[in-house]
Amino acid sequence: MAGALLFLTATRASAQSDVERYQKLEAEVQALRQQMGAMQEQHAREIAELKAMLKQQVAAAPTQGETAAPPSAAQPSLYESFKHAAQQTATGGEPSLYESVKRSAATLVPEAVAGKGADLDLSVVLDTYLYHDTAGEAGPLPGRMSGFAGDGDDEGPKNGFNLREVELGLSAAVDPYFRAWATVSIEEDGAGFEEAVLQTTSLPYGFTLSGGKIKSGIGRLNRQHAHAWDFLDAPLVYRAMFGDEGLSDDGLQLTWLAPTPFYLLFGTEVFNGGNEQSFNVSDAEGLPSHDAPRLYTAFMKVGPDLGPNHALQFGLSALSGRSQVYEEDTGTGDAGADGDTRIYGTDFVYKYDAMRTHGEGDIIVQGEYFYRDQDLDDLSGRWVGLQPWTKQQDGYYVQGLYGILPRWRTGLRWDQVGVINDVQDPEAGDLACDDSYRLTTVLDWQLSEFSLLRLQAGRGWYATDDGREDAWEFALEWQVTFGKHPAHDF
Amino acid sequence: MKNTCVFLLAAAACLAQAQAAEKIQIVATTTDLADIARQVAGDTADVSSITTGREDPHTLRAKPSFIVRARDADVWIRIGMELEVGWEPVILRESRNDRIYVGTPRHIDASLNVLRLEVPTQRVTRDLGDVHPEGNPHYWLDPLNGRLVAATIAERLSAVYPEHKATFETNLHAFERALDAHMFGEDATAKLGGEALWRALLDKRLDAFLAERGMAGKLGGWCATMRPHQGKTVVTYHRSWSYLAERFGLKADIQLEPKPGIPPSAKHLAEVVEAVRARGVKAILQEPFYTRKAADFVASKTDARVVVAPTMTGGSAEAATYLGMLDNVIGKLSAAL
């Protein structure tokens, strides 16, 4: 009896608790249903939104229609949706996905940028300066240095305003195999190509072949355009051996970046030859004509990795080419000499990066040395003596620049040519030519990447054919670049 | 015996070299990209950066050692939007490594899928200063952009190295998880998921979302740190903080530079002082590589404090990683505000 009672109460109790459980479950199911309903609603809403969006996109950018993914019930990942949004904006379409998010219309890339079309970079450099020296009427002394005078016909700057050049630069990737650039220098007395180069972009094993009118890779300054120099003018040694414009000639250049753990570059060039200072050829009668190419060069550059603050590069150069001298009416008639010139050079540059902005605290020290050995034979026999015409000469410069403030630099350059200056002239015999030297200071202010003001003052002591002379040289230069500003080489 | 030893050593050296060579060589232009790429690529790659994080990325110059690094690179990653326009073209050209030229699959432009700010809507002239026609390139200061950059890198690496796809994806998710935890706090990220939180933040309903999920007030991370400062104004030297300000609801419309890339002038600084006083600005932000003179001048005339913080990974000891850099910036900024 007691057992039955116990059983009864137990079942009753369990029945009661069952009811409670059912009620609870029912409530839970109800809640779940509501939740699911809400979720379904949300899903439907989202799908509708997505569909609407897709339609809008297809309408906005019909060409994008094919690539647009079909709407899927699954929400795209955060990345996917942004990717989509970014691409939408890049093509100039209406951004819709995150329009609500971005207050600004900043995600729009203007069509001018998105669809640039043909990639032709155009840059113009305007370079003008005020010059004054105390050399007197005969003109600037660097053109009259003993032993070097008369090699070329560079007149140099005149006292007063000088428009050095308007340099027009064009560059582009030609196709997957070549890039090309041309630099046209427009001066007051005409225009000419400073460079017009076609260069390979995808030769294997680190080779690059260039052709056209090339600024030779010898030395350090030679490769740079005048407006990229740290001083207004070229060092005396460049002026004496290659002319104000440096060595630039028609030919081919092959360079090889060696697969070494440090920077090691070898290069060789074949040129027509014709540089007035060192590799002059004349078409005068009585002189043998040599077929081009008449000038060969070789150079190497090595740059160890010295960490983020330092950069160093050494270079060696050698040039060998035909050379001729021709003078009309030497007293006994025209006279000519024929032979060859060899030039050997070495250069270095060290740069310190202070890791402050706009060059503050940065240091650049660089120097170059060239030795020239010219050996010509008198062919006409009209010169009195029988000695050959020979020149053994050298020259160097060392310069340093320091960033005194952001955008402001000051620098000092020491120039010397003719430390060795042995000239043997068929007329005059051995000439003991003296050396010339110059000290130049510079202060430049890079107002922006595109404009530069430069003040330069120098004092030179020159050996000329009329004896030693000295002069002050002052210049105030104003240089601007517009159009595309090309990236700076090392 | 000696010869054998030498031979074995040489062989071991060769082997070590071969093993090292098997790793993908990734070169990134900046340390932030390098750190993100390192997180994504994991053990599959050796990652290095051209910059150290201490220099001004605008005014860097190409040098021979950079060219050698680009020559040996399998993959190149850049910030893009013309940040590296003054040096990247020379490095790539001189490297002669046509595998990483712009436009190839191994040249990754990290700006591809980021949210851009300050994209000029009219023709850009240089009269405006150093305005980038594709928008402000300092986008990595928005953690969301860091997240998008990581995904861009993972996607591109997977396309180039499909054999490592699974690794990249696993690493990407780990990075995203870590970034989300920094952004929203560990608790909220674990319970609600990073993507959901980002979406809610972007929809401007983060609070509502948290409340719905019973997590009201449980927000942590940078989001919580910066929350009390929403709507405040900061003065910055250069427009390099716009993305940080945008993400955390700060106003950063006053610069010490009168125009981007143009140094502060006395006249402009006088206007800045005026504005700082009028708006009660508390902080002047700048990177360590800029001179402090202008900032100190403004601070001396107002109640604002100068906050110098690197915006690039590696810019200081505390900013050794991308997330560490953001931690450092947000910590210093919130302390000053």
# chains A, B, ... in the order shown; residues from 1 in each chain; ligands from 1
>>> residues_around(residues="Tyr101 (chain B)", least_positions_apart="5", cutoff="9 Å", atoms="only C-alpha atoms", output="JSON, numbers by chain")
{"B": [76, 92, 93, 96, 106, 107]}
>>> interface_residues(of="chain B", to="chain A", cutoff="8 Å", atoms="only C-alpha atoms", output="ChimeraX atom specification")
/B:51-52,54-56,59,61-65,67-68,85-90,93,95-98,112-122,133-135,148,151,195,199,202-204,261-262,289-291
>>> atom_distance(atom1="CA of Asp249 (chain A)", atom2="CA of Lys213 (chain A)")
5.2 Å
>>> residues_around(residues="region 431-445 of chain A", least_positions_apart="4", cutoff="8 Å", atoms="only C-alpha atoms", output="NGL selection string")
:A and (145-147 or 231 or 407-425 or 452-463)
>>> residues_around(residues="region 168-180 of chain B", least_positions_apart="4", cutoff="7 Å", atoms="only C-alpha atoms", output="PyMOL selection string")
chain B and resi 39-42+147+150-151+154+158+164+184+189+194+323
>>> write_last_selection(atoms="C-alpha atoms", output="compact mmCIF listing (two decimals), in the first residue's frame")
# COMPACT_ATOMS: atom_id res chain seq x y z
CA GLN B 39 52.94 37.16 -40.35
CA VAL B 40 51.21 35.88 -43.47
CA ALA B 41 54.13 33.99 -45.01
CA GLY B 42 55.41 32.51 -41.76
CA ARG B 147 43.82 43.71 -42.13
CA ALA B 150 47.27 41.13 -45.04
CA ALA B 151 44.43 39.54 -47.02
CA ALA B 154 47.84 36.28 -48.69
CA SER B 158 48.61 31.99 -52.76
CA HIS B 164 51.65 27.11 -49.59
CA PHE B 184 38.09 45.19 -29.92
CA THR B 189 36.53 39.14 -30.33
CA GLY B 194 36.19 39.94 -35.44
CA LEU B 323 50.47 45.80 -34.03
>>> residues_around(residues="Met226 (chain B)", least_positions_apart="3", cutoff="7 Å", atoms="only C-alpha atoms", output="PyMOL selection string")
chain B and resi 222-223+229-230+248+334
>>> atom_distance(atom1="CA of Gly331 (chain B)", atom2="CA of Asp32 (chain B)")
18.2 Å
>>> atom_distance(atom1="CA of Met215 (chain B)", atom2="CA of Ile330 (chain B)")
23.5 Å
>>> decode(residues="region 326-358 of chain A", atoms="N, CA, C and O atoms", output="mmCIF file, in the first residue's frame")
data_model
loop_
_atom_site.group_PDB
_atom_site.id
_atom_site.type_symbol
_atom_site.label_atom_id
_atom_site.label_comp_id
_atom_site.auth_asym_id
_atom_site.auth_seq_id
_atom_site.Cartn_x
_atom_site.Cartn_y
_atom_site.Cartn_z
ATOM 1 N N TYR A 326 93.834 68.937 -86.195
ATOM 2 C CA TYR A 326 94.038 69.552 -87.502
ATOM 3 C C TYR A 326 94.064 71.055 -87.310
ATOM 4 O O TYR A 326 93.204 71.633 -86.665
ATOM 5 N N GLU A 327 95.061 71.681 -87.837
ATOM 6 C CA GLU A 327 95.119 73.138 -87.721
ATOM 7 C C GLU A 327 95.334 73.740 -89.092
ATOM 8 O O GLU A 327 96.200 73.284 -89.848
ATOM 9 N N GLU A 328 94.524 74.706 -89.378
ATOM 10 C CA GLU A 328 94.672 75.368 -90.670
ATOM 11 C C GLU A 328 95.719 76.461 -90.568
ATOM 12 O O GLU A 328 95.800 77.151 -89.555
ATOM 13 N N ASP A 329 96.498 76.566 -91.619
ATOM 14 C CA ASP A 329 97.435 77.672 -91.756
ATOM 15 C C ASP A 329 98.330 77.848 -90.534
ATOM 16 O O ASP A 329 98.189 78.778 -89.759
ATOM 17 N N THR A 330 99.200 76.915 -90.362
ATOM 18 C CA THR A 330 100.136 77.000 -89.245
ATOM 19 C C THR A 330 101.364 77.835 -89.600
ATOM 20 O O THR A 330 102.341 77.841 -88.884
ATOM 21 N N GLY A 331 101.322 78.504 -90.723
ATOM 22 C CA GLY A 331 102.479 79.285 -91.168
ATOM 23 C C GLY A 331 103.092 78.642 -92.384
ATOM 24 O O GLY A 331 103.441 79.298 -93.355
ATOM 25 N N THR A 332 103.162 77.319 -92.340
ATOM 26 C CA THR A 332 103.712 76.603 -93.496
ATOM 27 C C THR A 332 102.610 75.823 -94.199
ATOM 28 O O THR A 332 102.868 74.895 -94.935
ATOM 29 N N GLY A 333 101.376 76.166 -93.900
ATOM 30 C CA GLY A 333 100.258 75.454 -94.504
ATOM 31 C C GLY A 333 99.473 74.712 -93.437
ATOM 32 O O GLY A 333 99.778 74.812 -92.240
ATOM 33 N N ASP A 334 98.460 73.961 -93.861
ATOM 34 C CA ASP A 334 97.656 73.210 -92.901
ATOM 35 C C ASP A 334 98.475 72.054 -92.349
ATOM 36 O O ASP A 334 99.369 71.535 -93.014
ATOM 37 N N ALA A 335 98.140 71.673 -91.133
ATOM 38 C CA ALA A 335 98.870 70.585 -90.512
ATOM 39 C C ALA A 335 97.913 69.692 -89.751
ATOM 40 O O ALA A 335 96.912 70.148 -89.217
ATOM 41 N N GLY A 336 98.215 68.426 -89.689
ATOM 42 C CA GLY A 336 97.347 67.494 -88.976
ATOM 43 C C GLY A 336 98.132 66.419 -88.274
ATOM 44 O O GLY A 336 99.269 66.108 -88.649
ATOM 45 N N ALA A 337 97.547 65.874 -87.264
ATOM 46 C CA ALA A 337 98.184 64.776 -86.541
ATOM 47 C C ALA A 337 97.132 63.723 -86.236
ATOM 48 O O ALA A 337 95.953 64.037 -86.057
ATOM 49 N N ASP A 338 97.551 62.493 -86.165
ATOM 50 C CA ASP A 338 96.610 61.385 -85.993
ATOM 51 C C ASP A 338 97.185 60.405 -84.985
ATOM 52 O O ASP A 338 98.374 60.136 -84.977
ATOM 53 N N GLY A 339 96.336 59.873 -84.138
ATOM 54 C CA GLY A 339 96.810 58.903 -83.158
ATOM 55 C C GLY A 339 95.675 58.456 -82.264
ATOM 56 O O GLY A 339 94.536 58.360 -82.730
ATOM 57 N N ASP A 340 95.983 58.207 -81.000
ATOM 58 C CA ASP A 340 94.897 57.817 -80.114
ATOM 59 C C ASP A 340 95.066 58.391 -78.711
ATOM 60 O O ASP A 340 96.125 58.852 -78.323
ATOM 61 N N THR A 341 93.942 58.379 -77.983
ATOM 62 C CA THR A 341 93.913 58.900 -76.615
ATOM 63 C C THR A 341 93.401 57.800 -75.703
ATOM 64 O O THR A 341 92.451 57.086 -76.054
ATOM 65 N N ARG A 342 94.054 57.686 -74.553
ATOM 66 C CA ARG A 342 93.548 56.778 -73.528
ATOM 67 C C ARG A 342 93.285 57.586 -72.269
ATOM 68 O O ARG A 342 94.069 58.457 -71.918
ATOM 69 N N ILE A 343 92.178 57.277 -71.619
ATOM 70 C CA ILE A 343 91.863 57.954 -70.360
ATOM 71 C C ILE A 343 91.541 56.879 -69.321
ATOM 72 O O ILE A 343 90.808 55.920 -69.615
ATOM 73 N N TYR A 344 92.126 57.030 -68.151
ATOM 74 C CA TYR A 344 91.824 56.119 -67.047
ATOM 75 C C TYR A 344 91.265 56.952 -65.898
ATOM 76 O O TYR A 344 91.769 58.047 -65.621
ATOM 77 N N GLY A 345 90.259 56.433 -65.241
ATOM 78 C CA GLY A 345 89.650 57.211 -64.169
ATOM 79 C C GLY A 345 89.226 56.355 -62.996
ATOM 80 O O GLY A 345 89.016 55.144 -63.125
ATOM 81 N N THR A 346 89.109 57.004 -61.869
ATOM 82 C CA THR A 346 88.544 56.325 -60.702
ATOM 83 C C THR A 346 87.658 57.317 -59.971
ATOM 84 O O THR A 346 87.882 58.538 -60.029
ATOM 85 N N ASP A 347 86.629 56.815 -59.328
ATOM 86 C CA ASP A 347 85.700 57.699 -58.632
ATOM 87 C C ASP A 347 85.146 57.021 -57.401
ATOM 88 O O ASP A 347 85.170 55.797 -57.293
ATOM 89 N N PHE A 348 84.702 57.825 -56.475
ATOM 90 C CA PHE A 348 84.044 57.273 -55.286
ATOM 91 C C PHE A 348 82.959 58.241 -54.847
ATOM 92 O O PHE A 348 83.006 59.443 -55.131
ATOM 93 N N VAL A 349 81.967 57.698 -54.156
ATOM 94 C CA VAL A 349 80.976 58.555 -53.516
ATOM 95 C C VAL A 349 80.557 57.882 -52.215
ATOM 96 O O VAL A 349 80.390 56.672 -52.151
ATOM 97 N N TYR A 350 80.450 58.688 -51.187
ATOM 98 C CA TYR A 350 79.967 58.201 -49.905
ATOM 99 C C TYR A 350 78.799 59.076 -49.495
ATOM 100 O O TYR A 350 78.844 60.296 -49.600
ATOM 101 N N LYS A 351 77.720 58.436 -49.050
ATOM 102 C CA LYS A 351 76.554 59.201 -48.613
ATOM 103 C C LYS A 351 76.161 58.766 -47.212
ATOM 104 O O LYS A 351 76.110 57.571 -46.922
ATOM 105 N N TYR A 352 75.888 59.740 -46.385
ATOM 106 C CA TYR A 352 75.412 59.460 -45.040
ATOM 107 C C TYR A 352 73.982 59.968 -44.930
ATOM 108 O O TYR A 352 73.687 61.118 -45.250
ATOM 109 N N ASP A 353 73.089 59.095 -44.498
ATOM 110 C CA ASP A 353 71.690 59.464 -44.339
ATOM 111 C C ASP A 353 71.407 59.629 -42.849
ATOM 112 O O ASP A 353 71.440 58.660 -42.094
ATOM 113 N N ALA A 354 71.137 60.873 -42.446
ATOM 114 C CA ALA A 354 70.909 61.149 -41.022
ATOM 115 C C ALA A 354 69.512 60.735 -40.577
ATOM 116 O O ALA A 354 69.168 60.857 -39.411
ATOM 117 N N MET A 355 68.694 60.247 -41.512
ATOM 118 C CA MET A 355 67.325 59.805 -41.219
ATOM 119 C C MET A 355 66.453 60.932 -40.687
ATOM 120 O O MET A 355 65.578 60.722 -39.867
ATOM 121 N N ARG A 356 66.771 62.138 -41.104
ATOM 122 C CA ARG A 356 65.858 63.231 -40.834
ATOM 123 C C ARG A 356 65.241 63.617 -42.163
ATOM 124 O O ARG A 356 65.649 63.119 -43.199
ATOM 125 N N THR A 357 64.256 64.487 -42.083
ATOM 126 C CA THR A 357 63.516 64.722 -43.313
ATOM 127 C C THR A 357 64.204 65.763 -44.199
ATOM 128 O O THR A 357 64.932 66.621 -43.722
ATOM 129 N N HIS A 358 63.983 65.656 -45.484
ATOM 130 C CA HIS A 358 64.480 66.612 -46.476
ATOM 131 C C HIS A 358 65.966 66.892 -46.353
ATOM 132 O O HIS A 358 66.402 68.041 -46.395
#
